[in-house]
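Asker: Below you'll find my_file06.txt; it's compact mmCIF, C-alpha atoms.
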# COMPACT_ATOMS: atom_id res chain seq x y z
CA MET L 359 92.96 -57.80 -61.25
CA ARG L 360 91.51 -59.84 -64.12
CA ALA L 361 88.82 -62.51 -63.82
CA THR L 362 87.28 -64.86 -66.38
CA SER L 363 84.61 -67.52 -65.97
CA SER L 364 83.88 -70.75 -67.79
CA THR L 365 80.97 -73.18 -67.48
CA LEU L 366 81.47 -76.64 -65.97
CA ASP L 367 79.09 -79.58 -65.60
CA ASN L 368 76.42 -79.88 -62.88
CA ASN L 369 75.59 -76.21 -62.74
CA ARG L 370 79.09 -75.12 -61.71
CA ILE L 371 81.45 -72.48 -63.07
CA LYS L 372 85.20 -72.00 -62.82
CA LEU L 373 86.66 -68.58 -62.15
CA VAL L 374 90.29 -67.88 -63.09
CA VAL L 375 91.59 -64.81 -61.26
CA GLU L 376 94.92 -63.03 -61.80
CA VAL L 377 96.16 -60.52 -59.21
CA ASP L 378 98.96 -58.30 -60.51
CA ASP L 379 101.99 -57.05 -58.57
CA ASP L 380 100.49 -53.65 -57.71
CA GLU L 381 97.45 -55.15 -56.00
CA MET L 382 99.56 -57.82 -54.34
CA SER L 383 101.84 -55.09 -53.01
CA LYS L 384 98.85 -53.36 -51.42
CA ALA L 385 97.80 -56.68 -49.90
CA LEU L 386 101.29 -57.13 -48.46
CA ASP L 387 101.18 -53.66 -46.89
CA THR L 388 97.76 -54.39 -45.38
CA ALA L 389 98.94 -57.71 -43.97
CA ALA L 390 102.08 -56.06 -42.54
CA ALA L 391 100.00 -53.38 -40.82
CA SER L 392 97.74 -56.07 -39.35
CA LEU L 393 100.65 -58.17 -38.11
CA ALA L 394 102.35 -55.11 -36.64
CA GLN L 395 99.39 -54.77 -34.28
CA GLN L 396 99.85 -58.36 -33.09
CA VAL L 397 103.62 -59.00 -32.98
CA ASN L 398 105.77 -57.84 -30.04
CA VAL L 399 109.19 -56.56 -31.18
CA LYS L 400 111.55 -55.30 -28.50
CA GLY L 401 112.15 -51.58 -28.77
CA PHE L 402 109.00 -50.85 -30.77
CA ARG L 403 105.43 -50.12 -29.82
CA LYS L 404 102.69 -52.25 -31.39
CA GLY L 405 101.73 -50.84 -34.76
CA LYS L 406 104.98 -48.89 -35.08
CA VAL L 407 107.27 -51.72 -36.19
CA PRO L 408 109.01 -50.93 -39.52
CA LYS L 409 108.07 -53.34 -42.28
CA GLN L 410 111.57 -54.80 -42.76
CA VAL L 411 112.00 -55.32 -39.02
CA LEU L 412 108.61 -57.02 -38.89
CA ILE L 413 109.51 -59.32 -41.78
CA ALA L 414 112.72 -60.32 -40.05
CA ASN L 415 110.83 -61.16 -36.84
CA ILE L 416 108.05 -63.23 -38.41
CA GLY L 417 110.27 -65.49 -40.48
CA GLY L 418 110.80 -63.74 -43.78
CA VAL L 419 108.97 -62.42 -46.84
CA ALA L 420 107.39 -65.81 -47.59
CA VAL L 421 105.50 -65.74 -44.28
CA LEU L 422 104.24 -62.22 -44.94
CA ARG L 423 103.12 -63.15 -48.47
CA SER L 424 101.34 -66.25 -47.18
CA GLU L 425 99.49 -64.13 -44.61
CA ALA L 426 98.64 -61.50 -47.25
CA ILE L 427 97.16 -64.15 -49.55
CA ARG L 428 95.16 -65.68 -46.71
CA GLU L 429 93.69 -62.33 -45.67
CA SER L 430 93.06 -60.96 -49.17
CA LEU L 431 91.77 -64.03 -50.98
CA PRO L 432 88.10 -63.55 -49.87
CA ASP L 433 88.19 -59.95 -51.16
CA PHE L 434 89.80 -60.99 -54.45
CA TYR L 435 87.14 -63.68 -54.86
CA ALA L 436 84.28 -61.27 -54.10
CA ARG L 437 85.60 -58.76 -56.64
CA ALA L 438 85.91 -61.52 -59.23
CA ILE L 439 82.28 -62.53 -58.62
CA SER L 440 81.20 -58.91 -59.11
CA GLU L 441 83.31 -58.49 -62.23
CA THR L 442 82.10 -61.68 -63.94
CA LYS L 443 78.49 -61.22 -62.74
CA VAL L 444 78.07 -64.86 -61.73
CA ASP L 445 75.55 -65.82 -59.06
CA PRO L 446 77.15 -68.31 -56.64
CA ILE L 447 74.96 -70.26 -54.22
CA GLY L 448 77.63 -72.26 -52.39
CA GLN L 449 81.12 -72.04 -50.98
CA PRO L 450 83.91 -72.11 -53.60
CA ASP L 451 86.68 -74.65 -53.92
CA VAL L 452 89.75 -72.40 -54.30
CA THR L 453 93.09 -73.55 -55.69
CA ILE L 454 96.18 -71.31 -56.04
CA THR L 455 97.83 -72.20 -59.34
CA ALA L 456 100.65 -69.60 -59.50
CA GLY L 457 102.33 -66.81 -57.57
CA GLU L 458 102.13 -68.35 -54.14
CA ASP L 459 105.78 -67.45 -53.56
CA GLU L 460 106.32 -64.57 -56.00
CA GLY L 461 105.05 -62.94 -59.17
CA VAL L 462 101.46 -62.66 -60.37
CA LEU L 463 99.03 -64.47 -58.07
CA VAL L 464 96.67 -66.77 -59.96
CA PHE L 465 93.89 -68.81 -58.38
CA GLU L 466 90.91 -70.80 -59.57
CA ALA L 467 87.54 -70.98 -57.84
CA ASP L 468 85.10 -73.79 -58.62
CA VAL L 469 81.63 -72.89 -57.35
CA GLU L 470 78.00 -73.89 -57.83
CA VAL L 471 75.82 -71.13 -59.28
CA ARG L 472 72.11 -70.46 -59.29
CA PRO L 473 70.49 -72.35 -62.19
CA GLU L 474 68.53 -70.47 -64.81
CA ALA L 475 65.17 -72.21 -65.03
CA THR L 476 63.03 -72.06 -68.14
CA ILE L 477 59.25 -71.98 -67.86
CA SER L 478 56.51 -72.24 -70.46
CA GLY L 479 52.76 -71.95 -70.37
CA TYR L 480 52.68 -69.26 -67.71
CA ASP L 481 50.47 -67.02 -69.89
CA ALA L 482 47.73 -69.67 -69.74
CA LEU L 483 47.78 -70.19 -65.95
CA ARG L 484 44.49 -69.80 -64.11
CA VAL L 485 43.96 -69.75 -60.35
CA THR L 486 40.89 -69.94 -58.16
CA ILE L 487 40.36 -67.31 -55.49
CA PRO L 488 37.66 -66.81 -52.84
CA SER L 489 34.77 -64.61 -53.92
CA PRO L 490 35.19 -60.96 -52.93
CA VAL L 491 31.38 -60.62 -52.80
CA VAL L 492 29.90 -60.54 -49.29
CA GLY L 493 26.90 -62.83 -48.90
CA ASP L 494 23.83 -62.05 -46.81
CA ASP L 495 24.62 -64.97 -44.49
CA GLU L 496 28.08 -63.52 -43.81
CA ILE L 497 26.56 -60.15 -42.93
CA GLU L 498 24.08 -61.82 -40.57
CA ALA L 499 26.88 -63.85 -38.96
CA GLN L 500 28.89 -60.68 -38.31
CA ILE L 501 25.86 -58.87 -36.88
CA ASN L 502 25.17 -61.88 -34.65
CA ARG L 503 28.69 -61.55 -33.24
CA PHE L 504 27.69 -58.11 -31.97
CA ARG L 505 24.49 -59.58 -30.54
CA GLU L 506 26.38 -62.41 -28.83
CA THR L 507 28.04 -59.90 -26.50
CA ASP L 508 24.58 -59.32 -25.01
CA ALA L 509 23.35 -62.90 -25.29
CA VAL L 510 21.81 -64.96 -22.47
CA LEU L 511 22.72 -68.61 -21.96
CA GLU L 512 19.86 -71.00 -21.20
CA ASP L 513 20.04 -74.69 -20.36
CA VAL L 514 18.28 -76.89 -22.93
CA ASP L 515 17.23 -80.54 -22.88
CA ARG L 516 17.24 -81.36 -26.59
CA PRO L 517 19.66 -82.75 -29.18
CA ILE L 518 22.75 -80.63 -29.72
CA VAL L 519 22.69 -78.27 -32.71
CA ASN L 520 25.32 -76.04 -34.27
CA GLY L 521 26.16 -73.01 -32.12
CA ASP L 522 25.32 -74.63 -28.79
CA LEU L 523 27.72 -74.44 -25.86
CA VAL L 524 28.49 -77.84 -24.35
CA ASN L 525 30.08 -78.26 -20.93
CA MET L 526 32.18 -81.42 -21.02
CA ASP L 527 34.99 -83.33 -19.38
CA ILE L 528 37.52 -84.14 -22.10
CA ARG L 529 40.43 -86.56 -22.27
CA ALA L 530 42.93 -86.52 -25.17
CA GLU L 531 45.59 -89.19 -25.75
CA GLN L 532 47.72 -90.60 -28.55
CA PRO L 533 47.23 -94.34 -29.14
CA GLY L 534 50.33 -96.29 -28.20
CA SER L 535 52.00 -93.26 -26.63
CA ASP L 536 53.75 -93.45 -23.26
CA GLY L 537 52.93 -89.81 -22.54
CA GLU L 538 50.36 -88.72 -20.00
CA PRO L 539 46.91 -88.01 -21.50
CA LEU L 540 45.61 -84.45 -21.39
CA GLU L 541 42.51 -84.07 -19.23
CA MET L 542 40.29 -81.01 -18.78
CA ALA L 543 37.20 -80.80 -16.61
CA ASP L 544 34.26 -78.48 -17.32
CA PHE L 545 35.59 -77.52 -20.74
CA MET L 546 33.11 -75.24 -22.49
CA TYR L 547 32.98 -76.03 -26.19
CA THR L 548 31.16 -74.06 -28.88
CA VAL L 549 29.76 -76.52 -31.41
CA GLY L 550 30.94 -75.59 -34.90
CA SER L 551 34.07 -73.77 -33.77
CA GLY L 552 36.41 -76.57 -34.86
CA SER L 553 38.73 -75.86 -31.94
CA ILE L 554 39.05 -79.57 -31.06
CA ALA L 555 38.76 -81.30 -34.43
CA PRO L 556 36.38 -81.05 -37.41
CA GLU L 557 35.15 -84.59 -36.68
CA VAL L 558 33.86 -83.47 -33.27
CA ASP L 559 31.55 -80.88 -34.83
CA GLU L 560 30.13 -83.52 -37.17
CA LEU L 561 29.56 -86.31 -34.63
CA ILE L 562 28.36 -84.27 -31.66
CA LEU L 563 25.25 -83.06 -33.49
CA GLY L 564 22.11 -84.83 -32.25
CA LEU L 565 23.64 -86.05 -28.98
CA ARG L 566 22.33 -85.00 -25.57
CA SER L 567 23.78 -84.12 -22.20
CA GLY L 568 24.78 -87.25 -20.27
CA GLU L 569 26.12 -89.05 -23.34
CA GLU L 570 29.72 -89.91 -24.22
CA LEU L 571 31.46 -89.10 -27.49
CA VAL L 572 34.73 -90.76 -28.56
CA VAL L 573 36.42 -89.32 -31.64
CA THR L 574 39.68 -90.31 -33.36
CA ALA L 575 41.08 -87.38 -35.34
CA ASN L 576 44.26 -86.50 -37.20
CA ALA L 577 46.64 -84.40 -35.10
CA GLY L 578 49.56 -84.07 -37.48
CA VAL L 579 51.44 -85.96 -40.18
CA GLY L 580 50.80 -89.64 -39.46
CA GLN L 581 49.57 -88.92 -35.92
CA ASN L 582 46.10 -89.55 -34.48
CA MET L 583 44.54 -88.33 -31.26
CA VAL L 584 41.66 -90.00 -29.41
CA TYR L 585 39.27 -87.58 -27.71
CA THR L 586 36.88 -88.93 -25.07
CA MET L 587 34.18 -86.41 -24.12
CA GLN L 588 31.63 -86.70 -21.34
CA LEU L 589 28.81 -84.31 -22.30
CA LYS L 590 27.50 -82.78 -19.08
CA GLN L 591 25.40 -79.77 -19.97
CA VAL L 592 24.06 -78.09 -23.10
CA LYS L 593 23.37 -74.37 -23.28
CA GLU L 594 21.81 -72.28 -26.03
CA ARG L 595 22.64 -68.66 -26.74
CA ILE L 596 19.53 -66.51 -26.74
CA LEU L 597 20.38 -63.41 -28.75
CA PRO L 598 18.72 -60.06 -28.06
CA GLU L 599 16.13 -58.90 -30.56
CA LEU L 600 17.74 -56.85 -33.32
CA THR L 601 16.01 -53.48 -33.08
CA ASP L 602 17.02 -49.88 -33.70
CA GLU L 603 16.88 -49.33 -29.95
CA TRP L 604 19.28 -52.19 -29.21
CA VAL L 605 21.65 -51.11 -31.98
CA GLU L 606 21.78 -47.51 -30.79
CA GLU L 607 22.38 -48.56 -27.19
CA ASN L 608 25.02 -51.24 -27.82
CA THR L 609 26.88 -50.23 -30.99
CA ASP L 610 28.32 -47.21 -32.78
CA TRP L 611 25.37 -47.03 -35.21
CA PRO L 612 21.94 -45.49 -34.67
CA THR L 613 19.82 -47.96 -36.67
CA VAL L 614 19.80 -51.54 -37.89
CA ASP L 615 19.99 -50.44 -41.54
CA GLU L 616 23.03 -48.24 -40.94
CA MET L 617 24.69 -51.03 -38.99
CA ARG L 618 24.05 -53.46 -41.84
CA ASP L 619 25.41 -51.00 -44.44
CA ALA L 620 28.55 -50.36 -42.36
CA VAL L 621 29.15 -54.08 -41.82
CA LEU L 622 28.74 -54.67 -45.57
CA ALA L 623 31.25 -51.91 -46.39
CA GLN L 624 33.83 -53.17 -43.88
CA MET L 625 33.53 -56.79 -44.93
CA SER L 626 33.68 -55.88 -48.63
CA LYS L 627 37.02 -54.12 -48.16
CA MET L 628 38.35 -57.03 -46.13
CA LYS L 629 37.22 -59.65 -48.65
CA VAL L 630 38.78 -57.73 -51.55
CA VAL L 631 42.10 -57.65 -49.69
CA GLU L 632 41.79 -61.37 -48.88
CA ALA L 633 41.04 -62.13 -52.54
CA GLN L 634 44.04 -60.09 -53.68
CA MET L 635 46.34 -61.89 -51.24
CA SER L 636 44.91 -65.25 -52.23
CA GLN L 637 45.39 -64.41 -55.91
CA ARG L 638 49.01 -63.42 -55.32
CA ASP L 639 49.82 -66.57 -53.32
CA ALA L 640 48.00 -68.89 -55.73
CA MET L 641 49.73 -67.30 -58.73
CA LEU L 642 53.14 -67.74 -57.14
CA VAL L 643 52.51 -71.40 -56.34
CA ALA L 644 51.17 -72.07 -59.85
CA LEU L 645 54.18 -70.32 -61.39
CA GLY L 646 56.59 -72.25 -59.17
CA ASP L 647 54.98 -75.54 -60.23
CA LEU L 648 56.24 -74.86 -63.77
CA VAL L 649 59.81 -75.43 -62.51
CA ALA L 650 60.85 -79.08 -62.50
CA ASP L 651 61.98 -80.53 -59.17
CA ASP L 652 65.30 -81.74 -60.58
CA VAL L 653 66.24 -78.15 -61.49
CA VAL L 654 66.24 -77.05 -57.85
CA PRO L 655 69.70 -77.38 -56.18
CA ASP L 656 69.81 -79.01 -52.75
CA VAL L 657 72.06 -76.22 -51.47
CA LEU L 658 69.30 -73.64 -52.04
CA ILE L 659 66.68 -75.84 -50.39
CA GLU L 660 68.92 -76.45 -47.37
CA ALA L 661 69.70 -72.74 -47.00
CA GLU L 662 66.00 -71.83 -47.18
CA ALA L 663 65.06 -74.60 -44.74
CA ASN L 664 67.73 -73.46 -42.28
CA ASP L 665 66.43 -69.88 -42.48
CA ARG L 666 62.89 -71.10 -41.78
CA MET L 667 63.98 -73.21 -38.82
CA HIS L 668 65.92 -70.25 -37.43
CA ASP L 669 62.84 -68.05 -37.85
CA LEU L 670 60.67 -70.67 -36.12
CA GLY L 671 63.09 -70.84 -33.21
CA HIS L 672 63.06 -67.05 -32.89
CA ARG L 673 59.25 -66.93 -32.89
CA LEU L 674 59.01 -69.73 -30.34
CA ALA L 675 61.49 -67.91 -28.09
CA GLN L 676 59.31 -64.80 -28.23
CA GLN L 677 56.39 -66.96 -27.05
CA ARG L 678 58.55 -68.47 -24.28
CA MET L 679 58.28 -71.87 -25.92
CA ASN L 680 60.94 -74.38 -26.97
CA LEU L 681 61.00 -76.74 -29.94
CA GLU L 682 60.13 -79.79 -27.85
CA GLN L 683 56.98 -78.09 -26.55
CA PHE L 684 56.07 -77.01 -30.08
CA LEU L 685 56.43 -80.57 -31.38
CA GLN L 686 54.29 -81.88 -28.55
CA ALA L 687 51.61 -79.25 -29.13
CA THR L 688 51.45 -79.95 -32.87
CA GLY L 689 51.75 -83.73 -32.58
CA GLN L 690 54.83 -83.91 -34.80
CA THR L 691 58.13 -85.72 -34.60
CA PRO L 692 61.37 -83.85 -35.39
CA ASP L 693 61.64 -85.73 -38.70
CA GLN L 694 58.09 -84.78 -39.67
CA LEU L 695 58.72 -81.13 -38.87
CA LEU L 696 61.94 -81.10 -40.90
CA ALA L 697 60.18 -82.81 -43.82
CA ALA L 698 57.40 -80.20 -43.78
CA VAL L 699 59.86 -77.31 -43.54
CA ARG L 700 61.94 -78.76 -46.36
CA ALA L 701 58.85 -79.12 -48.58
CA ASP L 702 57.93 -75.47 -47.94
CA ALA L 703 61.53 -74.46 -48.63
CA GLN L 704 61.56 -76.33 -51.93
CA ARG L 705 58.33 -74.59 -52.96
CA ALA L 706 59.80 -71.19 -52.07
CA VAL L 707 62.98 -71.86 -54.08
CA LYS L 708 60.94 -72.99 -57.09
CA ILE L 709 58.90 -69.78 -56.91
CA ASP L 710 62.09 -67.71 -56.78
CA LEU L 711 63.56 -69.51 -59.80
CA ALA L 712 60.27 -69.16 -61.68
CA LEU L 713 60.08 -65.42 -61.02
CA ARG L 714 63.65 -64.97 -62.25
CA ALA L 715 62.78 -66.95 -65.38
CA LEU L 716 59.67 -64.84 -65.93
CA VAL L 717 61.65 -61.61 -65.61
CA LYS L 718 64.13 -62.85 -68.20
CA ALA L 719 61.47 -64.18 -70.60
CA GLU L 720 59.44 -60.97 -70.48
CA VAL L 721 62.55 -58.73 -70.47
CA LEU L 722 61.33 -56.89 -67.36
CA GLU L 723 63.63 -54.11 -66.18
CA ALA L 724 63.16 -51.59 -63.42
CA THR L 725 63.68 -47.94 -64.23
CA VAL L 726 65.82 -45.71 -62.05
CA GLU L 727 62.66 -43.99 -60.86
CA GLU L 728 61.07 -47.30 -59.85
CA VAL L 729 64.16 -48.35 -57.93
CA GLU L 730 64.27 -45.03 -56.07
CA GLU L 731 60.57 -45.27 -55.28
Spit out the file's structure as structure tokens when you get a sec.
Answerer:
Amino acid sequence: MRATSSTLDNNRIKLVVEVDDDEMSKALDTAAASLAQQVNVKGFRKGKVPKQVLIANIGGVAVLRSEAIRESLPDFYARAISETKVDPIGQPDVTITAGEDEGVLVFEADVEVRPEATISGYDALRVTIPSPVVGDDEIEAQINRFRETDAVLEDVDRPIVNGDLVNMDIRAEQPGSDGEPLEMADFMYTVGSGSIAPEVDELILGLRSGEELVVTANAGVGQNMVYTMQLKQVKERILPELTDEWVEENTDWPTVDEMRDAVLAQMSKMKVVEAQMSQRDAMLVALGDLVADDVVPDVLIEAEANDRMHDLGHRLAQQRMNLEQFLQATGQTPDQLLAAVRADAQRAVKIDLALRALVKAEVLEATVEEVEE
């Protein structure tokens, strides 16, 4: 088999493939063996029909050749792709130009290929990452989490401050929506947690029990949610005194100093890992931004978006949740979800094209040892 490629417009190539008589003969034998398993011929068991008898019973050599071409064409095309080292990203348009009835089989395949992006300025890229240094306030916050397990809640009659627990009746509804509002009685909310909406943590400060708070907050792309909260009771966490005795009795460390040192060591490792991950992600996004939007083929974006939607469906199924419930929980419409997924898919494709361009520009090649590792 011989295959050649030539470049067409719009990021497409044309393959011209010639299949000689020897390979076509093998394809005919394979097709005959396959048909012998399917065709009933009186006096012969399936799979044991002689080739000439089979040909006579299926309508002649032309029928067998047609079947052989149909079955073998995907394999011929795949071998041509491998031989010419092109990188197709779509389904080919295949046209048989010769040999459909006899002689050398020749076909052409017109297919879109992955574009080769060019990037510049990547050596000057800078990204911002979170500090890997653990601050004293972060250490104290982590230690206080240990203390909170032994905290006592006390009712207070004062303005609400950050960290208080507020017992409330809450009603959530979308303006103009026909859906039933969500209502929860005796909902215990930790001020500063952000579990309702950031605006709640800002506006609830300074209020007292017995007051009402109404907050309109963003609940998704182009969607708002109105939260009506009746503040019924305010409680303050009274933490136990941080002493060596309390630490030894309630934690794995014998003293406050050793607890603080261990917390610092653990958080330092975690923050370094977080900084490394943030650096990697930020670098990829910055590199992908060097690829122009018009370079990215729609077929790659659609394939990536479909993969992401399939993955989302799989994850929702594991959580015993369907797409309609997910949309309701996130306050999105189907079109908004698809738009967000498509935007993420486009970013991912741009990153992939940028990495390929970087590998080519820097002439990066993996050694045999690196591949094996």
Asker: Could you state the separation of atom CA of L:Tyr435 and atom CA of L:Leu422 in Å, given to one decimal place?
Answerer: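 Taking atom CA of L:Tyr435 as the start and atom CA of L:Leu422 as the end point, the length is 19.8 Å.
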Asker: Could you pull the residues within 9 Å of L:Ala644, counting all atoms listed in the file, minus those fewer than 5 positions along the same chain, as number ranges by chain?
Answerer: L: 480, 483-485, 639, 709
Asker: List as an MDAnalysis selection string the protein and nucleic acid residues near L:Met667, meaning an atom at most 12 Å away when all atoms listed in the file are counted, but skip any in the same chain fewer than 3 places from it.
Answerer: chainID L and resid 660:664 670:674 681 692 695:700 702:703
Asker: Considering only C-alpha atoms, can you say which of L:Ile596, L:Leu393, L:Val614, L:Leu713 comes closest to L:Leu648?
Answerer: L:Leu713
Asker: I'd like to know which of L:Arg618, L:Arg403, L:Arg370, L:Lys590 is closest to L:Ala499, using all atoms listed in the file.
Answerer: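 Among the listed residues, L:Arg618 lies closest to L:Ala499.
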Asker: In Å, rounded to a single decimal, give me how far atom CA of L:Val471 is from atom CA of L:Ile371.
Answerer: 6.9 Å
Asker: Quick one, how far is atom CA of L:Glu599 from atom CA of L:Arg566?
Answerer: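 Result for atom CA of L:Glu599 versus atom CA of L:Arg566: 27.3 Å, one decimal.
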Asker: Check the smallest atom-to-atom distance from each of L:Asn520, L:Gln449, L:Gln690, L:Ser363 to L:Met583 using all atoms listed in the file, then report the winner.
Answerer: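 Checking each of L:Asn520, L:Gln449, L:Gln690, L:Ser363 against L:Met583, counting all atoms listed in the file, the winner is L:Gln690.
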Asker: Looking at only C-alpha atoms, which of L:Gln694, L:Ser626, L:Gln634, L:Thr362 is the one that sits closest to L:Gly493?
Answerer: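 Using only C-alpha atoms, the shortest distance to L:Gly493 belongs to L:Ser626.
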Asker: Between L:Glu470, L:Asp445, L:Asp619, L:Glu594, which is the closest to L:Ile501 once you count all atoms listed in the file?
Answerer: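 Of the candidates, the smallest distance to L:Ile501 is held by L:Asp619.
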Asker: When you count all atoms listed in the file, which of these residues is closest to L:Ala391: L:Asp656, L:Asp602, L:Glu429, L:Glu512?
Answerer: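 For L:Ala391, the nearest of the given residues is L:Glu429.
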Asker: So that I can see what lies close to L:Lys708, please list as a list in words the residues with an atom at most 10 Å from it, counting all atoms listed in the file and leaving out residues fewer than 2 positions away in the same chain.
Answerer: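 Surrounding residues, per the criterion: Ala475, Leu642, Val643, Leu645, Gly646, Asp647, Leu648, Val649, Ala650, Asp651, Val653, Val654, Pro655, Leu658, Ile659, Asp702, Ala703, Gln704, Arg705, Ala706, Asp710, Leu711, Ala712, Leu713 and Arg714 of chain L.
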Asker: Write out as a PyMOL selection string which residues come within 7 Å of L:Leu463 when counting all atoms listed in the file, dropping same-chain ones fewer than 5 positions away.
Answerer: chain L and resi 376-378+456-458
Asker: How would the residues just chosen look if you wrote them out with C-alpha atoms as a compact mmCIF listing (two decimals), keeping the file's coordinate frame?
Answerer:
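Output saved as again_3.txt:
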# COMPACT_ATOMS: atom_id res chain seq x y z
CA GLU L 376 94.92 -63.03 -61.80
CA VAL L 377 96.16 -60.52 -59.21
CA ASP L 378 98.96 -58.30 -60.51
CA ALA L 456 100.65 -69.60 -59.50
CA GLY L 457 102.33 -66.81 -57.57
CA GLU L 458 102.13 -68.35 -54.14
Asker: Around all of stretch 672-691 of chain L's listed atoms, make the axis-aligned box with 5 Å on each side and tell me centre and edge lengths in Å to one decimal, as JSON.
Answerer:
{"center_x": 57.3, "center_y": -75.3, "center_z": -29.5, "size_x": 21.6, "size_y": 30.9, "size_z": 20.5}
Asker: Determine, counting only C-alpha atoms, which protein, DNA and RNA residues have an atom within 12 Å of an atom of L:Gly550; residues of the same chain fewer than 3 positions away are not included. Present the result as an MDAnalysis selection string.
Answerer: chainID L and resid 518:524 547 553:563
